[in-house]
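Engineer: Got a structure here, written out as structure tokens. Questions coming.
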Amino acid sequence: MASKKRSKGKSNLLGVRFWYTGIRVKDLEKSIRFYREALGFRVVLKGKMKVHEGTYVQLRTPTGKQILELNYYPKTSRFYEEYVNGSELDHLGLYVRDVRGQYERLIKLGCEPAVEPFNQGSWVLAFVKDPNGVWLELIGRETKKKRQNV
């Protein structure tokens, strides 16, 4: 019980929240059908990333908070690679308050830069690689102050 009290009262000083897991898929429609029909997931968001031509579909179970993001990259995308079993984990999504600041901080702490911060609508995204080479997506809203300067 003591650990529950401690975790509830603990503030997240770094402003980082684990948001979702992104997996790479070879057939987007077949994957959506599987997660919906076999496991009861529902689609909560679909989109296309202008910066790399990839398509993403976010799914969630009716009672869950965690999101599963299916990522499909066409051959024209700079992130396309032949599908190999074992390379399904695409990235982990982390919601942060200050994408640009966290990106710089993580690079100083030894993360490898993967994709510099960029805007996608009202969102700011960036990618770094952790010490094991796992891609971490930093995603957050552009602050009003920064939006006015853009």
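Residue numbering restarts at 1 in every chain; chains get A, B, ... in the order shown in the structure tokens, and ligands count up from 1 in that same order.
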Would you mind listing, for every residue of segment 23-101 of chain A within 10 Å of segment 106-121 of chain A, the two atoms forming the shortest contact and the distance between them in Å to one decimal, using only C-alpha atoms, sorted by chain and ascending residue number, as a Markdown table?

Structural biologist:
| residue | atom | partner | partner_atom | distance |
| --- | --- | --- | --- | --- |
| A:Met49 | CA | A:Gln120 | CA | 7.6 |
| A:Lys50 | CA | A:Gln120 | CA | 7.8 |
| A:Val51 | CA | A:Gln120 | CA | 8.3 |
| A:Val99 | CA | A:Pro117 | CA | 7.1 |
| A:Arg100 | CA | A:Pro117 | CA | 6.1 |
| A:Gly101 | CA | A:Leu106 | CA | 8.6 |

Engineer: Could you name the residues that touch Trp135 of chain A at 7 Å or less, counting only C-alpha atoms, but leaving out those on the same chain fewer than 6 positions away, as a PyMOL selection string?

Structural biologist: chain A and resi 90-92+127-129

Engineer: Which one is closest to Ile139 of chain A: A:Tyr73, A:Tyr103, A:Tyr20, A:Tyr95? Count only C-alpha atoms.

Structural biologist: A:Tyr95

Engineer: To one decimal place in Å, what is the distance between atom CA of Glu53 of chain A and atom CA of Pro74 of chain A?

Structural biologist: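 Pair atom CA of Glu53 of chain A / atom CA of Pro74 of chain A returns 7.2 Å.
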
Engineer: Can you work out which one of A:Ala38, A:Gln102, A:Leu94, A:His52 has the shortest atom-to-atom distance to Ser77 of chain A, counting only C-alpha atoms?

Structural biologist: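 Of the candidates, the smallest distance to Ser77 of chain A is held by A:His52.
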
Engineer: What does the distance between atom CA of Arg42 of chain A and atom CA of Gln58 of chain A come to in Å, to one decimal place?

Structural biologist: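 Taking atom CA of Arg42 of chain A and atom CA of Gln58 of chain A, their separation equals 8.5 Å.
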
Engineer: Mind listing the strand (DSSP E) residues of segment 32-147 of chain A, per DSSP on the backbone, as a ChimeraX atom specification?

Structural biologist: /A:42-48,55-60,67-72,89-96,112-120,123-129,135-141
